[in-house]
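Inspection log for the structure reproduced underneath, given as structure tokens.
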Amino acid sequence: MKLIKRSTSVDNKSKNKLNRRTFLKHSSLAAGGVALSGSLSFALMEKAEATEAEAQKTADIKRIRSVCTHCAVGCGVIAEVENGVWTGQEPAFDHPFNLGAHCAKGAAVREHGHGERRLKYPMKRIDGKWKRIDWQQAIDEIGDKILAIREQSGPDSVYWLGSSKHNNEQSYLFRKFAAFWGSNNIDHQARICHSTTVAGVANTWGYGAMTNSFNDIHNSKAILIIGGNPAEAHPVSMQHIFKAKESGAPLIVIDPRFTRTAAHATQHIRLRPGTDVPLIWGMLWHIFENGWEDKQFIQQRVYGMEAIRKEVSEWTPDKVEHVTGVPEAEVFRATKTMATHRPGTFIWCMGGTQHTIGNNNTRAYCIFQLALGNMGIAGGGTNIFRGHDNVQGATDLGPNAHTLPAYYGLTEAAWKHWARVWDIDYNWLSKRFDTALYDDGAGGKKRTMNMSGIPVSRWIDGVLEKPELIAQNDNIHAMVFWGHAPNSQTRSPEMKQAMDKLDLLVVIDPYPTNSAVLNDRPDNTYLLPACTQFETYGSLTSSNRSLQWRDQVIEPLFESRPDHQILYQFAEKLGFAEPMFKHIRVENEIPSIEDITQEFNHGAWTIGYTGQSVERIKKHQQNWHTFNTTTLKAEGGPCDGEYFGLPWPCWGTPEQKHPGTPVLYDTSKPVAEGGLTFRARFGIEHDGVSLLADGSYSKGSEIKQGYPEFSADLLKQLGWWDDLTPAEKQLAEGKNWKTDLSGGIQRVAIKHGCAPFGNAKARCIVWQFPDPVPIHREPLYSNRRDMVKKFPTYKDRKSFYRLPTRYASIQHVDYSQDYPLTMTSGRLVEYEGGGEETRSNPWLAELQQHMFVEIHPADANNAGVKHGEQVWVEGPESGRIKVMAFVTERVGRGLVFMPFHFAGHYEGQNLADRYPEGTVPYVLGESCNTVFTYGYDAVTAMQETKVSLCRLRKA
Amino acid sequence: MARMKFICDDDRCIECDACITACKNENEVPWGVNRRRVVTLNDGKADETSISVACMHCSDAPCAQVCPVNCFYTTEDGVVLHDKDLCIGCGYCFYACPFGAPQFPQDGAFGNRGKMDKCTFCAGGPEEDFSEAEFEKYGRNRLAEGKLPLCAEMCSTKALLAGDGDVISKLFSQRAVERQLNQEESDNSASGPKLWGWKTAYKE
């Protein structure tokens, strides 16, 4: 296949171009350009000396700055565009995160600008056949059907499934859209990737995000990665990890599988899948046994470590080995490494989060770091690598079933705050929702407005469950998949049933996705072409909380439209465009991105998304080269003293010029310069014990003790009220740091060296959670029946996120005889998410042409299967897939691994003929989630995709 | 006098395949032709090692020695290029090359494989610099633009180095020395100066 090459305009200028020989003349310079920069041989491949060549560039090649749309490392992209065509991609050497580097996906993003296999026009299915329609017809027909469902079943029967692929503005607008529609049945990928991280981490110390940054890993003296494979999932992060490793930091990788990351580890520990808590407690056992804990840090900044010490005392080395399969010597070696190399960083990904006890795992990781005093310090931290390019931003601002933007929750106060920001009548908004009361799962009754919606992991149950058992008026009747691959969710056989049962199925995406082909629907099925982030512009938030600005590379391809335009069209059709866009300008049906940024700047005080104005983010984008690549602080230039991307919290208003917070909870800096304490989020005392910090405070704080969060009342008590201007006083009266729209309360707190959210201890006990102290529970599908007896799961629940949820009744059944192998899943470097976009990119697809299952040689022999042969993988819930056997010692005996990016085959059947013509991805394959089973985290309803059971049969 | 070379630092290569897609992106190489590949040895075992391989632009290139039509030539900067107008697609170079660099667009017996294609160090070919013919046959000419091959420029971990052999070998040895100086734990695999194959060749 041929893409459009750099056009003949290059040819025209060849007469006065440099020839190859000129390069030789400059070779000494070129050599210098291969950068011996920095004593640690870090940026080892810098640009060659190209000044003269640059000067030759003609004006008709535009160089546009964007950010890769795959993972959340946030690599800078330089796109070369000629006559509106994306003709070249150059390394962004100046970008502080990637220094020019890319992985396979990032080095191939230019293909998205051509998109041969894209969904090109709005389409609908008539009698099972795809037919092209126009946009207006699509919006009208879909809108009419949605309004009819609302009329008949209420607003909660329409599900708006959003995306981590939206930019910040679109994410925020999507959440606002659902609010104006009148339902919390809205969600996005964060539910199924890091929701247990966000819940676990935020409930430990205040915020649920990566605490440090990729670049800050340079400062780490040791690196521990558990349940993460950055060499495939976040390859550019390995550049930063290697910098630390080559400076002497040991790299410990804990994973049931010998991953590409493990291949570079100083120590690889294979644990039995799902036994993270016992392993971490086993490490803490050695820490306490040897007195390696940071006693002063714990005394000053940690609540409840005694309860942990008690739980940990039971995890003696022999018991840890019995449960996790890891010998004492290995546990001791890793523990000693972490204890003697401080600060060390702790990194985790889906291997830790996607479990029924995911929230226990993430809290155990946090407690480990607290015990070693590794928090709030450069080189330490919990570095949680997020998956999609804007999953952090979408989590912070966007489509979430359990909260309004910026984690305000769904209480009446939260709704009133946002109604004030949106400048609309709260009562009007309230009436948009169902007014009846339903079981809230905690013994009370609530309106659906104040109750979490059905999470994406469970939408199929929202369709299939008996309506009287669901805590809302009726089943889900319409699904809108907006930038979301269904094959990233488990239980495909039931999903297929659910899709077939829906009254309406709408896919809004650059690609048809598996949603278009998995079902047998003859009609009432629509595909609307959305454009990618290269065809629009706006901000995104990378994993380290930095906001970046993307410029638009090309115009939307074919008939595709940006998400915010489509949202506007639907809002108009559904009758609430006027109040929804009251303060957002709309031109030619396209809402102003800048006005949307300004609107969330005006309301998102809880997490400091208030200081990052469009102007400030753009200024950072234009000055990549001025930021230090370790500290991320600008050294001189127009952003002097600010941190790249103004990592949140960036307190107060943009005019207050807060530099952003590079490392969360770092007391060595004043709050005004990016320092912070642990957040006072859980009250000031529990069971008679103070939760406030004890003798620890951020540099320059006028209060040299713990203190609660700031409010108008507290300012008055402290005698600081008159530091507010009269205008600020007017807005701040009766408010707190989260609801004061003037930003004055935050400004005054920071002026006195204090953190607006208070100064408390981090907590090891989350008394609101099912397991206040993290404990081990076996997965629902476990072949260790002895462990199931000792570490049983939870009881079944009647209403959890509106749905009956099963635990014990599944675990109770013994499947271990029929399904003897443990099954886990993960990523490949070439593909991302459900994979439709990347499998449609020929440069990537060529590199992974077959869905496969990794099988240990012994298990392959037992099943009579050879490397490269076809094999059936069968799960205990009836799902089965036919895939290629990949016999390897990457997996231990008894474990199989599958990547989750494939779709387009279903239980042996090729679905290629169901795609609209010209949109079949280059590579199709079975989805591993056809075999993956039931199981949801007890706090966030995260799906269990890291442990289940299966058997193999030669095909 | 510059002599262009590639070095792949196997302590850093993570088999992310960026070098491959960067090459496809820049040169618009068709499906099935791979100017660059990542080879992983001992996959899944403790000594797993990955290394990115393409034409190594040999000083005394075996491909050129065996070519019956003499289509190869070495540029002043040490880049081994070939003339597709002369190439008869015989495949001798493929047998001679120790790195598997020569690629052919079609399957088939002798003479039916089509013109040989391989890594040009992003230096185009014998056609006029930046001409359409040069792009069609050989891909981009980054060297003439004062840039280095995109595979190395985009390498995710800066494992793949490209440039004047003297410069990149100095760079690589500096890395190796620093790794050893900074090494604290004897089991840190990022230790000691080594190129992949050293141990095999010298039994050290």
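Chain labels run A, B, ... following the order of the structure tokens; each chain numbers its residues from 1, and ligands are numbered from 1 in the order shown.
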
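Look at B:Val29: the protein and nucleic acid residues within 10 Å of it, using only C-alpha atoms and passing over chain neighbours fewer than 4 places away, are Met1, Lys2, Leu3 and Trp843 of chain A; Thr21, Cys23, Lys24, Asn25, Val33, Asn34, Arg35, Pro105, Asp117, Lys118, Glu136, Lys137, Tyr138 and Gly139 of chain B.
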
Between chain B and chain A, at 6 Å or less, what are the per-residue closest atom pairs and their distances in Å? Count only C-alpha atoms, order by chain and rising residue number, and return it as a Markdown table.
```
| residue | atom | partner | partner_atom | distance |
| --- | --- | --- | --- | --- |
| B:Ile14 | CA | A:Ala231 | CA | 5.8 |
| B:Cys16 | CA | A:Cys103 | CA | 5.7 |
| B:Asp17 | CA | A:Ala104 | CA | 4.9 |
| B:Ala18 | CA | A:Ala104 | CA | 3.6 |
| B:Thr21 | CA | A:Ala104 | CA | 5.6 |
| B:Ala22 | CA | A:Ala107 | CA | 4.9 |
| B:Pro30 | CA | A:Met1 | CA | 5.7 |
| B:Gly44 | CA | A:Arg890 | CA | 4.2 |
| B:Glu48 | CA | A:Ala263 | CA | 5.8 |
| B:Phe130 | CA | A:Asp11 | CA | 5.5 |
| B:Ser131 | CA | A:Asp11 | CA | 5.2 |
| B:Ala144 | CA | A:Arg20 | CA | 4.1 |
| B:Glu145 | CA | A:Ala53 | CA | 5.4 |
| B:Gly146 | CA | A:Ala50 | CA | 4.8 |
| B:Lys147 | CA | A:Ala48 | CA | 5.3 |
| B:Met154 | CA | A:Ala101 | CA | 4.3 |
| B:Cys155 | CA | A:Ala101 | CA | 5.3 |
| B:Ser156 | CA | A:Ala101 | CA | 4.5 |
| B:Thr157 | CA | A:Gln239 | CA | 4.3 |
| B:Val167 | CA | A:Ala31 | CA | 5.8 |
| B:Arg179 | CA | A:Glu246 | CA | 5.2 |
| B:Asn182 | CA | A:Gly248 | CA | 5.0 |
| B:Gln183 | CA | A:Gly248 | CA | 4.8 |
| B:Glu184 | CA | A:Gly248 | CA | 5.8 |
| B:Asn188 | CA | A:Thr266 | CA | 5.2 |
```

Taking the chain letters and numbering used in this document, name the residues of stretch 110-324 of chain A that DSSP puts in helix (DSSP H, G or I), as a PyMOL selection string. chain A and resi 110-113+135-153+155-157+168-181+189-192+195-205+215-219+230-233+237-246+262-264+276-289+295-301+305-313+317-324

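Taking atom CA of A:Asp294 as the reference point, atom CA of A:Thr196 is found at 26.5 Å.
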
Got a sec: who's within 8 Å of stretch 65-75 of chain B, counting only C-alpha atoms, leaving out chain neighbours fewer than 4 positions off, as a list in words? Ala61, Val79, Val80, Leu81, His82, Asp83, Lys84, Leu86, Cys87, Ile88, Tyr92, Cys93 and Ala96 of chain B

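Using only C-alpha atoms, the shortest contact distance between A:Val198 and any of A:Arg386, A:Arg784, A:His341, A:Lys165 is found at A:Arg386.
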
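From atom CA of A:Ser153 back to atom CA of A:Ala571, the distance works out to 19.4 Å.
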
Contacts of stretch 538-547 of chain A at 7 Å or less, counting only C-alpha atoms, minus same-chain residues fewer than 6 places along, as a PDB file with C-alpha atoms, in the first residue's frame?
```pdb
ATOM      1  CA  ALA A  72      -0.626   8.241  28.410  1.00  0.00           C
ATOM      2  CA  VAL A  73       3.120   8.844  28.409  1.00  0.00           C
ATOM      3  CA  GLY A  74       2.175  11.837  26.247  1.00  0.00           C
ATOM      4  CA  ASN A 167      -9.655  15.308  24.647  1.00  0.00           C
ATOM      5  CA  ASN A 168     -10.280  17.109  27.956  1.00  0.00           C
ATOM      6  CA  GLU A 169     -12.828  19.462  26.480  1.00  0.00           C
ATOM      7  CA  MET A 210       0.293   9.030  39.482  1.00  0.00           C
ATOM      8  CA  ASN A 212       5.416  11.686  40.412  1.00  0.00           C
ATOM      9  CA  SER A 213       6.286  11.563  36.710  1.00  0.00           C
ATOM     10  CA  PHE A 385       1.077   4.360  34.335  1.00  0.00           C
ATOM     11  CA  ARG A 386      -2.248   5.186  32.687  1.00  0.00           C
ATOM     12  CA  ASP A 389      -3.618   9.004  25.853  1.00  0.00           C
ATOM     13  CA  ASN A 390      -6.261  10.951  27.752  1.00  0.00           C
ATOM     14  CA  GLN A 392      -6.235  10.662  33.034  1.00  0.00           C
ATOM     15  CA  GLY A 393      -8.076  13.691  31.712  1.00  0.00           C
ATOM     16  CA  ILE A 593     -12.887  24.340  22.508  1.00  0.00           C
ATOM     17  CA  ILE A 617      -0.996  25.384  28.128  1.00  0.00           C
ATOM     18  CA  PHE A 644       5.780  21.276  32.128  1.00  0.00           C
ATOM     19  CA  GLY A 645       2.070  21.075  31.468  1.00  0.00           C
ATOM     20  CA  LEU A 646       1.211  22.646  34.839  1.00  0.00           C
ATOM     21  CA  PRO A 647       0.613  19.206  36.425  1.00  0.00           C
ATOM     22  CA  TRP A 648      -2.516  19.310  38.550  1.00  0.00           C
TER      23      TRP A 648
END
```
